[in-house]
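coords.cif, holding mmCIF, N, CA and C atoms:
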data_run
#
loop_
_atom_site.label_atom_id
_atom_site.label_comp_id
_atom_site.auth_asym_id
_atom_site.auth_seq_id
_atom_site.Cartn_x
_atom_site.Cartn_y
_atom_site.Cartn_z
N MET A 1 -3.75 1.03 -55.27
CA MET A 1 -4.28 2.08 -56.14
C MET A 1 -3.78 1.82 -57.56
N TYR A 2 -4.69 1.97 -58.52
CA TYR A 2 -4.37 1.75 -59.92
C TYR A 2 -4.81 2.97 -60.72
N VAL A 3 -3.93 3.48 -61.59
CA VAL A 3 -4.19 4.72 -62.33
C VAL A 3 -3.89 4.51 -63.80
N LYS A 4 -4.73 5.08 -64.67
CA LYS A 4 -4.46 5.07 -66.10
C LYS A 4 -4.89 6.40 -66.70
N ASP A 5 -4.09 6.89 -67.65
CA ASP A 5 -4.44 8.10 -68.39
C ASP A 5 -5.20 7.71 -69.64
N VAL A 6 -6.16 8.55 -70.02
CA VAL A 6 -6.92 8.30 -71.24
C VAL A 6 -7.36 9.64 -71.82
N THR A 7 -7.47 9.70 -73.14
CA THR A 7 -7.96 10.90 -73.82
C THR A 7 -9.41 10.66 -74.23
N VAL A 8 -10.28 11.60 -73.89
CA VAL A 8 -11.70 11.48 -74.22
C VAL A 8 -11.85 11.57 -75.74
N GLN A 9 -12.44 10.55 -76.36
CA GLN A 9 -12.51 10.43 -77.81
C GLN A 9 -13.72 11.14 -78.44
N ASN A 10 -14.88 11.03 -77.80
CA ASN A 10 -16.06 11.62 -78.44
C ASN A 10 -15.99 13.14 -78.40
N GLN A 11 -16.53 13.78 -79.44
CA GLN A 11 -16.35 15.22 -79.62
C GLN A 11 -16.96 16.07 -78.52
N VAL A 12 -18.11 15.66 -78.01
CA VAL A 12 -18.79 16.50 -77.01
C VAL A 12 -18.30 16.24 -75.60
N GLY A 13 -17.47 15.21 -75.41
CA GLY A 13 -16.91 14.94 -74.10
C GLY A 13 -17.87 14.22 -73.17
N LEU A 14 -17.69 14.42 -71.88
CA LEU A 14 -18.52 13.75 -70.88
C LEU A 14 -19.70 14.65 -70.49
N HIS A 15 -20.64 14.82 -71.42
CA HIS A 15 -21.88 15.52 -71.08
C HIS A 15 -22.80 14.50 -70.42
N ALA A 16 -24.05 14.85 -70.18
CA ALA A 16 -24.95 14.04 -69.35
C ALA A 16 -25.08 12.58 -69.79
N ARG A 17 -25.29 12.31 -71.08
CA ARG A 17 -25.52 10.93 -71.51
C ARG A 17 -24.29 10.04 -71.36
N PRO A 18 -23.12 10.42 -71.90
CA PRO A 18 -21.96 9.57 -71.69
C PRO A 18 -21.52 9.50 -70.22
N ALA A 19 -21.72 10.58 -69.49
CA ALA A 19 -21.38 10.56 -68.06
C ALA A 19 -22.24 9.54 -67.33
N THR A 20 -23.50 9.41 -67.73
CA THR A 20 -24.39 8.41 -67.14
C THR A 20 -23.90 7.00 -67.44
N PHE A 21 -23.47 6.75 -68.69
CA PHE A 21 -22.90 5.45 -69.02
C PHE A 21 -21.66 5.16 -68.17
N PHE A 22 -20.83 6.18 -68.00
CA PHE A 22 -19.60 6.06 -67.23
C PHE A 22 -19.93 5.68 -65.78
N ILE A 23 -20.90 6.37 -65.19
CA ILE A 23 -21.31 6.11 -63.80
C ILE A 23 -21.89 4.71 -63.66
N GLN A 24 -22.73 4.30 -64.62
CA GLN A 24 -23.31 2.96 -64.56
C GLN A 24 -22.21 1.90 -64.57
N CYS A 25 -21.21 2.10 -65.40
CA CYS A 25 -20.08 1.18 -65.48
C CYS A 25 -19.29 1.22 -64.16
N ALA A 26 -19.03 2.40 -63.63
CA ALA A 26 -18.27 2.54 -62.38
C ALA A 26 -18.98 1.86 -61.22
N ASN A 27 -20.32 1.93 -61.21
CA ASN A 27 -21.09 1.34 -60.12
C ASN A 27 -21.10 -0.18 -60.13
N GLU A 28 -20.59 -0.80 -61.19
CA GLU A 28 -20.49 -2.26 -61.24
C GLU A 28 -19.33 -2.78 -60.40
N PHE A 29 -18.50 -1.87 -59.91
CA PHE A 29 -17.30 -2.25 -59.17
C PHE A 29 -17.37 -1.79 -57.73
N LYS A 30 -16.71 -2.55 -56.85
CA LYS A 30 -16.69 -2.21 -55.42
C LYS A 30 -15.65 -1.14 -55.09
N ALA A 31 -14.63 -1.04 -55.91
CA ALA A 31 -13.52 -0.10 -55.65
C ALA A 31 -14.02 1.34 -55.62
N SER A 32 -13.31 2.18 -54.88
CA SER A 32 -13.53 3.63 -54.95
C SER A 32 -12.88 4.11 -56.24
N ILE A 33 -13.62 4.90 -57.01
CA ILE A 33 -13.12 5.33 -58.33
C ILE A 33 -13.23 6.84 -58.45
N TRP A 34 -12.18 7.45 -59.02
CA TRP A 34 -12.15 8.89 -59.23
C TRP A 34 -11.72 9.20 -60.65
N ILE A 35 -12.12 10.40 -61.10
CA ILE A 35 -11.62 10.96 -62.36
C ILE A 35 -10.85 12.21 -61.97
N GLU A 36 -9.68 12.38 -62.59
CA GLU A 36 -8.88 13.56 -62.31
C GLU A 36 -8.59 14.30 -63.61
N LYS A 37 -8.83 15.61 -63.58
CA LYS A 37 -8.53 16.48 -64.72
C LYS A 37 -7.84 17.72 -64.17
N GLU A 38 -6.61 17.94 -64.61
CA GLU A 38 -5.85 19.13 -64.19
C GLU A 38 -5.90 19.35 -62.68
N GLU A 39 -5.48 18.37 -61.92
CA GLU A 39 -5.38 18.46 -60.45
C GLU A 39 -6.73 18.46 -59.72
N ARG A 40 -7.85 18.43 -60.44
CA ARG A 40 -9.16 18.33 -59.78
C ARG A 40 -9.60 16.89 -59.83
N ARG A 41 -9.97 16.35 -58.69
CA ARG A 41 -10.38 14.94 -58.61
C ARG A 41 -11.81 14.86 -58.09
N VAL A 42 -12.65 14.08 -58.80
CA VAL A 42 -14.04 13.90 -58.37
C VAL A 42 -14.39 12.41 -58.34
N ASN A 43 -15.40 12.10 -57.59
CA ASN A 43 -15.91 10.74 -57.49
C ASN A 43 -16.50 10.34 -58.84
N ALA A 44 -16.03 9.22 -59.39
CA ALA A 44 -16.50 8.77 -60.71
C ALA A 44 -17.90 8.17 -60.66
N LYS A 45 -18.47 8.07 -59.46
CA LYS A 45 -19.82 7.55 -59.32
C LYS A 45 -20.82 8.68 -59.06
N SER A 46 -20.36 9.93 -59.26
CA SER A 46 -21.19 11.12 -59.01
C SER A 46 -21.40 11.90 -60.30
N LEU A 47 -22.64 12.00 -60.75
CA LEU A 47 -22.95 12.72 -61.99
C LEU A 47 -22.55 14.19 -61.86
N LEU A 48 -22.92 14.84 -60.77
CA LEU A 48 -22.57 16.25 -60.60
C LEU A 48 -21.06 16.44 -60.58
N GLY A 49 -20.34 15.53 -59.94
CA GLY A 49 -18.89 15.62 -59.89
C GLY A 49 -18.28 15.57 -61.28
N ILE A 50 -18.71 14.60 -62.07
CA ILE A 50 -18.17 14.45 -63.42
C ILE A 50 -18.51 15.65 -64.28
N LEU A 51 -19.76 16.09 -64.23
CA LEU A 51 -20.18 17.24 -65.05
C LEU A 51 -19.44 18.51 -64.63
N SER A 52 -19.09 18.62 -63.35
CA SER A 52 -18.41 19.83 -62.86
C SER A 52 -17.00 19.97 -63.44
N LEU A 53 -16.42 18.87 -63.93
CA LEU A 53 -15.08 18.95 -64.52
C LEU A 53 -15.11 19.58 -65.91
N GLY A 54 -16.27 19.60 -66.58
CA GLY A 54 -16.38 20.20 -67.90
C GLY A 54 -15.48 19.52 -68.92
N ILE A 55 -15.51 18.20 -68.95
CA ILE A 55 -14.63 17.44 -69.83
C ILE A 55 -15.16 17.46 -71.26
N VAL A 56 -14.37 17.98 -72.19
CA VAL A 56 -14.74 18.03 -73.60
C VAL A 56 -13.88 17.05 -74.39
N GLY A 57 -14.23 16.83 -75.64
CA GLY A 57 -13.47 15.93 -76.49
C GLY A 57 -12.01 16.35 -76.59
N GLY A 58 -11.11 15.37 -76.56
CA GLY A 58 -9.69 15.65 -76.65
C GLY A 58 -9.02 15.92 -75.31
N THR A 59 -9.80 15.95 -74.23
CA THR A 59 -9.26 16.20 -72.90
C THR A 59 -8.59 14.94 -72.36
N ASP A 60 -7.42 15.12 -71.74
CA ASP A 60 -6.75 14.01 -71.07
C ASP A 60 -7.23 13.94 -69.63
N ILE A 61 -7.64 12.76 -69.20
CA ILE A 61 -8.08 12.55 -67.83
C ILE A 61 -7.36 11.34 -67.25
N LYS A 62 -7.35 11.25 -65.93
CA LYS A 62 -6.84 10.07 -65.24
C LYS A 62 -8.03 9.35 -64.63
N VAL A 63 -8.05 8.02 -64.76
CA VAL A 63 -9.04 7.21 -64.07
C VAL A 63 -8.29 6.49 -62.96
N ILE A 64 -8.75 6.67 -61.73
CA ILE A 64 -8.05 6.17 -60.56
C ILE A 64 -9.01 5.30 -59.75
N ALA A 65 -8.53 4.15 -59.32
CA ALA A 65 -9.36 3.28 -58.49
C ALA A 65 -8.53 2.71 -57.35
N ASP A 66 -9.20 2.44 -56.24
CA ASP A 66 -8.56 1.85 -55.08
C ASP A 66 -9.53 0.85 -54.46
N GLY A 67 -9.14 -0.41 -54.44
CA GLY A 67 -10.01 -1.43 -53.85
C GLY A 67 -9.74 -2.79 -54.47
N ALA A 68 -10.56 -3.75 -54.10
CA ALA A 68 -10.35 -5.15 -54.49
C ALA A 68 -10.32 -5.34 -56.01
N ASP A 69 -11.19 -4.65 -56.73
CA ASP A 69 -11.30 -4.84 -58.19
C ASP A 69 -10.82 -3.60 -58.95
N GLU A 70 -9.82 -2.91 -58.41
CA GLU A 70 -9.35 -1.64 -58.98
C GLU A 70 -8.86 -1.76 -60.41
N GLN A 71 -8.09 -2.80 -60.72
CA GLN A 71 -7.57 -2.92 -62.08
C GLN A 71 -8.68 -3.16 -63.09
N ALA A 72 -9.61 -4.04 -62.77
CA ALA A 72 -10.73 -4.32 -63.66
C ALA A 72 -11.58 -3.07 -63.86
N ALA A 73 -11.79 -2.31 -62.79
CA ALA A 73 -12.59 -1.09 -62.86
C ALA A 73 -11.96 -0.07 -63.80
N VAL A 74 -10.67 0.21 -63.59
CA VAL A 74 -9.98 1.21 -64.41
C VAL A 74 -9.94 0.76 -65.87
N ASN A 75 -9.59 -0.49 -66.10
CA ASN A 75 -9.50 -0.97 -67.48
C ASN A 75 -10.85 -0.91 -68.19
N SER A 76 -11.91 -1.25 -67.49
CA SER A 76 -13.25 -1.22 -68.08
C SER A 76 -13.67 0.22 -68.42
N LEU A 77 -13.39 1.15 -67.52
CA LEU A 77 -13.77 2.56 -67.74
C LEU A 77 -12.91 3.19 -68.84
N VAL A 78 -11.63 2.85 -68.90
CA VAL A 78 -10.76 3.37 -69.96
C VAL A 78 -11.25 2.85 -71.31
N ASP A 79 -11.62 1.57 -71.38
CA ASP A 79 -12.16 1.00 -72.62
C ASP A 79 -13.42 1.74 -73.05
N LEU A 80 -14.28 2.06 -72.09
CA LEU A 80 -15.52 2.79 -72.39
C LEU A 80 -15.21 4.17 -72.97
N VAL A 81 -14.27 4.88 -72.35
CA VAL A 81 -13.90 6.22 -72.84
C VAL A 81 -13.28 6.12 -74.24
N GLU A 82 -12.40 5.14 -74.44
CA GLU A 82 -11.74 4.99 -75.74
C GLU A 82 -12.72 4.59 -76.84
N SER A 83 -13.83 3.96 -76.47
CA SER A 83 -14.83 3.57 -77.47
C SER A 83 -15.66 4.77 -77.93
N GLY A 84 -15.49 5.92 -77.26
CA GLY A 84 -16.28 7.10 -77.60
C GLY A 84 -17.72 6.98 -77.13
N PHE A 85 -17.98 6.10 -76.17
CA PHE A 85 -19.32 5.90 -75.62
C PHE A 85 -20.31 5.49 -76.69
N SER A 86 -19.82 4.85 -77.75
CA SER A 86 -20.65 4.36 -78.86
C SER A 86 -21.46 5.47 -79.50
N GLU A 87 -20.90 6.67 -79.54
CA GLU A 87 -21.63 7.79 -80.18
C GLU A 87 -21.17 7.97 -81.61
#
Will you turn the file into structure tokens for me?
Amino acid sequence: MYVKDVTVQNQVGLHARPATFFIQCANEFKASIWIEKEERRVNAKSLLGILSLGIVGGTDIKVIADGADEQAAVNSLVDLVESGFSE
């Protein structure tokens, strides 16, 4: 299992469009991937799960992965979040 903390950079957070980018990136990996916010953990490959967390700009989240490519998955998703989803 590999875990990294990241702060959501874009102002509106993980609304539908950036969440879709996040899911597309997560689906490139075989590992099981989750996002955790304040003790709530959801599948990072689920749009409804991500949207249910209500992640806004400035929120700290954990990206967690478990599987063969866990480190690459987490690092790629953290980079995407830190880039502000190119918004």
Output the residue selection produced by the PyMOL selection byres ((chain A and resi 74) around 7) on the file above, formatted as a PyMOL selection string. chain A and resi 2-4+63-65+69-73+75-79
Go through A:Ser83, A:Gly67, A:Arg41, A:Leu47 one by one, measure the shortest atom-to-atom distance of each to Ala16 of chain A using only N, CA and C atoms, and give the residue with the smallest value.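 Closest residue, counting only N, CA and C atoms: A:Leu47.
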Nearest to Thr20 of chain A among A:Arg40, A:Ser52, A:Lys45, A:Ala68, with distances taken over only C-alpha atoms: which residue is it?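 Once distances to Thr20 of chain A are computed over only C-alpha atoms, the minimum belongs to A:Lys45.
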Translate the PyMOL selection byres (((chain A and resi 24 and name CA) around 12) and name CA), as applied to the file shown, into an explicit residue set as a ChimeraX atom specification. /A:17-23,25-29,44-47,73,76-77,80
So how far away is atom CA of Thr59 of chain A from atom CA of Gly84 of chain A, in Å?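 So the answer is 12.4 Å.
Of the residues listed (A:Val42, A:Ile61, A:Val81, A:Val56), A:Val56 shows the shortest atom-to-atom separation from Val12 of chain A; distances use all atoms listed in the file.
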How many Å lie between atom N of His15 of chain A and atom CA of Lys30 of chain A, rounded to one decimal? 23.7 Å
Please run DSSP on the backbone and report, as a list in words, all residues within chain A that come out as strand (DSSP E or B).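 Taking chain A and keeping strand (DSSP E or B) only, one gets Tyr2, Val3, Lys4, Asp5, Val6, Thr7, Ser32, Ile33, Trp34, Ile35, Glu36, Lys37, Arg40, Arg41, Val42, Asn43, Asp60, Ile61, Lys62, Val63, Ile64, Ala65 and Asp66 of chain A.
Note that the spacing between atom CA of Ser32 of chain A and atom CA of Ile55 of chain A amounts to 20.3 Å.
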From the options A:Ile50, A:Gly57, A:Gly13, A:Lys62, which residue's atoms come nearest to Lys37 of chain A, counting only N, CA and C atoms?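 Of all the options, A:Lys62 lies closest to Lys37 of chain A.
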Draw an axis-aligned box tight on the listed atoms of segment 44-51 of chain A, then pad every side by 8 Å and write out centre and edge lengths in Å to one decimal as AutoDock Vina command-line options.
--center_x -19.5 --center_y 13.0 --center_z -62.0 --size_x 22.9 --size_y 27.0 --size_z 22.0
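Comparing the minimum interatomic distances between Asp60 of chain A and each of A:Leu14, A:Val8, A:Leu48, A:Ile35, counting only N, CA and C atoms, we find that A:Val8 sits nearest.
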I'd like to know which of A:Gly54, A:Glu82, A:Trp34, A:Asp66 is closest to Thr7 of chain A, using only C-alpha atoms. A:Glu82
Can you patch up segment 10-21 of chain A, filling it in to all heavy atoms, and show the result as a PDB file, in the frame of the given file?
ATOM      1  N   ASN A  10     -14.880  11.030 -77.800  1.00  0.00           N
ATOM      2  CA  ASN A  10     -16.060  11.620 -78.440  1.00  0.00           C
ATOM      3  C   ASN A  10     -15.990  13.140 -78.400  1.00  0.00           C
ATOM      4  O   ASN A  10     -15.455  13.724 -77.467  1.00  0.00           O
ATOM      5  CB  ASN A  10     -17.362  11.096 -77.814  1.00  0.00           C
ATOM      6  CG  ASN A  10     -17.493  11.415 -76.351  1.00  0.00           C
ATOM      7  OD1 ASN A  10     -16.513  11.441 -75.634  1.00  0.00           O
ATOM      8  ND2 ASN A  10     -18.696  11.671 -75.913  1.00  0.00           N
ATOM      9  N   GLN A  11     -16.530  13.780 -79.440  1.00  0.00           N
ATOM     10  CA  GLN A  11     -16.350  15.220 -79.620  1.00  0.00           C
ATOM     11  C   GLN A  11     -16.960  16.070 -78.520  1.00  0.00           C
ATOM     12  O   GLN A  11     -16.388  17.071 -78.127  1.00  0.00           O
ATOM     13  CB  GLN A  11     -16.908  15.650 -80.972  1.00  0.00           C
ATOM     14  CG  GLN A  11     -16.086  15.108 -82.124  1.00  0.00           C
ATOM     15  CD  GLN A  11     -16.470  15.756 -83.441  1.00  0.00           C
ATOM     16  OE1 GLN A  11     -17.466  16.467 -83.523  1.00  0.00           O
ATOM     17  NE2 GLN A  11     -15.686  15.517 -84.470  1.00  0.00           N
ATOM     18  N   VAL A  12     -18.110  15.660 -78.010  1.00  0.00           N
ATOM     19  CA  VAL A  12     -18.790  16.500 -77.010  1.00  0.00           C
ATOM     20  C   VAL A  12     -18.300  16.240 -75.600  1.00  0.00           C
ATOM     21  O   VAL A  12     -18.650  16.971 -74.686  1.00  0.00           O
ATOM     22  CB  VAL A  12     -20.321  16.342 -77.083  1.00  0.00           C
ATOM     23  CG1 VAL A  12     -20.863  16.956 -78.358  1.00  0.00           C
ATOM     24  CG2 VAL A  12     -20.732  14.900 -76.961  1.00  0.00           C
ATOM     25  N   GLY A  13     -17.470  15.210 -75.410  1.00  0.00           N
ATOM     26  CA  GLY A  13     -16.910  14.940 -74.100  1.00  0.00           C
ATOM     27  C   GLY A  13     -17.870  14.220 -73.170  1.00  0.00           C
ATOM     28  O   GLY A  13     -18.762  13.502 -73.614  1.00  0.00           O
ATOM     29  N   LEU A  14     -17.690  14.420 -71.880  1.00  0.00           N
ATOM     30  CA  LEU A  14     -18.520  13.750 -70.880  1.00  0.00           C
ATOM     31  C   LEU A  14     -19.700  14.650 -70.490  1.00  0.00           C
ATOM     32  O   LEU A  14     -19.762  15.190 -69.399  1.00  0.00           O
ATOM     33  CB  LEU A  14     -17.691  13.389 -69.648  1.00  0.00           C
ATOM     34  CG  LEU A  14     -17.354  11.917 -69.499  1.00  0.00           C
ATOM     35  CD1 LEU A  14     -16.473  11.454 -70.640  1.00  0.00           C
ATOM     36  CD2 LEU A  14     -16.690  11.616 -68.190  1.00  0.00           C
ATOM     37  N   HIS A  15     -20.640  14.820 -71.420  1.00  0.00           N
ATOM     38  CA  HIS A  15     -21.880  15.520 -71.080  1.00  0.00           C
ATOM     39  C   HIS A  15     -22.800  14.500 -70.420  1.00  0.00           C
ATOM     40  O   HIS A  15     -22.393  13.384 -70.121  1.00  0.00           O
ATOM     41  CB  HIS A  15     -22.490  16.191 -72.317  1.00  0.00           C
ATOM     42  CG  HIS A  15     -22.882  15.235 -73.394  1.00  0.00           C
ATOM     43  ND1 HIS A  15     -24.098  14.597 -73.410  1.00  0.00           N
ATOM     44  CD2 HIS A  15     -22.211  14.773 -74.479  1.00  0.00           C
ATOM     45  CE1 HIS A  15     -24.169  13.797 -74.477  1.00  0.00           C
ATOM     46  NE2 HIS A  15     -23.025  13.889 -75.132  1.00  0.00           N
ATOM     47  N   ALA A  16     -24.050  14.850 -70.180  1.00  0.00           N
ATOM     48  CA  ALA A  16     -24.950  14.040 -69.350  1.00  0.00           C
ATOM     49  C   ALA A  16     -25.080  12.580 -69.790  1.00  0.00           C
ATOM     50  O   ALA A  16     -24.965  11.676 -68.970  1.00  0.00           O
ATOM     51  CB  ALA A  16     -26.333  14.689 -69.302  1.00  0.00           C
ATOM     52  N   ARG A  17     -25.290  12.310 -71.080  1.00  0.00           N
ATOM     53  CA  ARG A  17     -25.520  10.930 -71.510  1.00  0.00           C
ATOM     54  C   ARG A  17     -24.290  10.040 -71.360  1.00  0.00           C
ATOM     55  O   ARG A  17     -24.361   8.999 -70.704  1.00  0.00           O
ATOM     56  CB  ARG A  17     -26.052  10.919 -72.952  1.00  0.00           C
ATOM     57  CG  ARG A  17     -26.609   9.573 -73.345  1.00  0.00           C
ATOM     58  CD  ARG A  17     -27.431   9.688 -74.647  1.00  0.00           C
ATOM     59  NE  ARG A  17     -27.285   8.456 -75.379  1.00  0.00           N
ATOM     60  CZ  ARG A  17     -26.474   8.257 -76.397  1.00  0.00           C
ATOM     61  NH1 ARG A  17     -25.736   9.242 -76.852  1.00  0.00           N
ATOM     62  NH2 ARG A  17     -26.404   7.093 -76.987  1.00  0.00           N
ATOM     63  N   PRO A  18     -23.120  10.420 -71.900  1.00  0.00           N
ATOM     64  CA  PRO A  18     -21.960   9.570 -71.690  1.00  0.00           C
ATOM     65  C   PRO A  18     -21.520   9.500 -70.220  1.00  0.00           C
ATOM     66  O   PRO A  18     -21.025   8.476 -69.772  1.00  0.00           O
ATOM     67  CB  PRO A  18     -20.860  10.175 -72.564  1.00  0.00           C
ATOM     68  CG  PRO A  18     -21.390  11.408 -73.147  1.00  0.00           C
ATOM     69  CD  PRO A  18     -22.846  11.493 -72.856  1.00  0.00           C
ATOM     70  N   ALA A  19     -21.720  10.580 -69.490  1.00  0.00           N
ATOM     71  CA  ALA A  19     -21.380  10.560 -68.060  1.00  0.00           C
ATOM     72  C   ALA A  19     -22.240   9.540 -67.330  1.00  0.00           C
ATOM     73  O   ALA A  19     -21.768   8.834 -66.440  1.00  0.00           O
ATOM     74  CB  ALA A  19     -21.551  11.942 -67.451  1.00  0.00           C
ATOM     75  N   THR A  20     -23.500   9.410 -67.730  1.00  0.00           N
ATOM     76  CA  THR A  20     -24.390   8.410 -67.140  1.00  0.00           C
ATOM     77  C   THR A  20     -23.900   7.000 -67.440  1.00  0.00           C
ATOM     78  O   THR A  20     -23.884   6.148 -66.553  1.00  0.00           O
ATOM     79  CB  THR A  20     -25.836   8.607 -67.648  1.00  0.00           C
ATOM     80  OG1 THR A  20     -26.266   9.930 -67.299  1.00  0.00           O
ATOM     81  CG2 THR A  20     -26.782   7.594 -67.037  1.00  0.00           C
ATOM     82  N   PHE A  21     -23.470   6.750 -68.690  1.00  0.00           N
ATOM     83  CA  PHE A  21     -22.900   5.450 -69.020  1.00  0.00           C
ATOM     84  C   PHE A  21     -21.660   5.160 -68.170  1.00  0.00           C
ATOM     85  O   PHE A  21     -21.450   4.054 -67.699  1.00  0.00           O
ATOM     86  CB  PHE A  21     -22.512   5.377 -70.515  1.00  0.00           C
ATOM     87  CG  PHE A  21     -23.672   5.374 -71.460  1.00  0.00           C
ATOM     88  CD1 PHE A  21     -23.579   6.029 -72.674  1.00  0.00           C
ATOM     89  CD2 PHE A  21     -24.852   4.714 -71.166  1.00  0.00           C
ATOM     90  CE1 PHE A  21     -24.638   6.031 -73.578  1.00  0.00           C
ATOM     91  CE2 PHE A  21     -25.921   4.706 -72.053  1.00  0.00           C
ATOM     92  CZ  PHE A  21     -25.810   5.361 -73.258  1.00  0.00           C
TER      93      PHE A  21
END
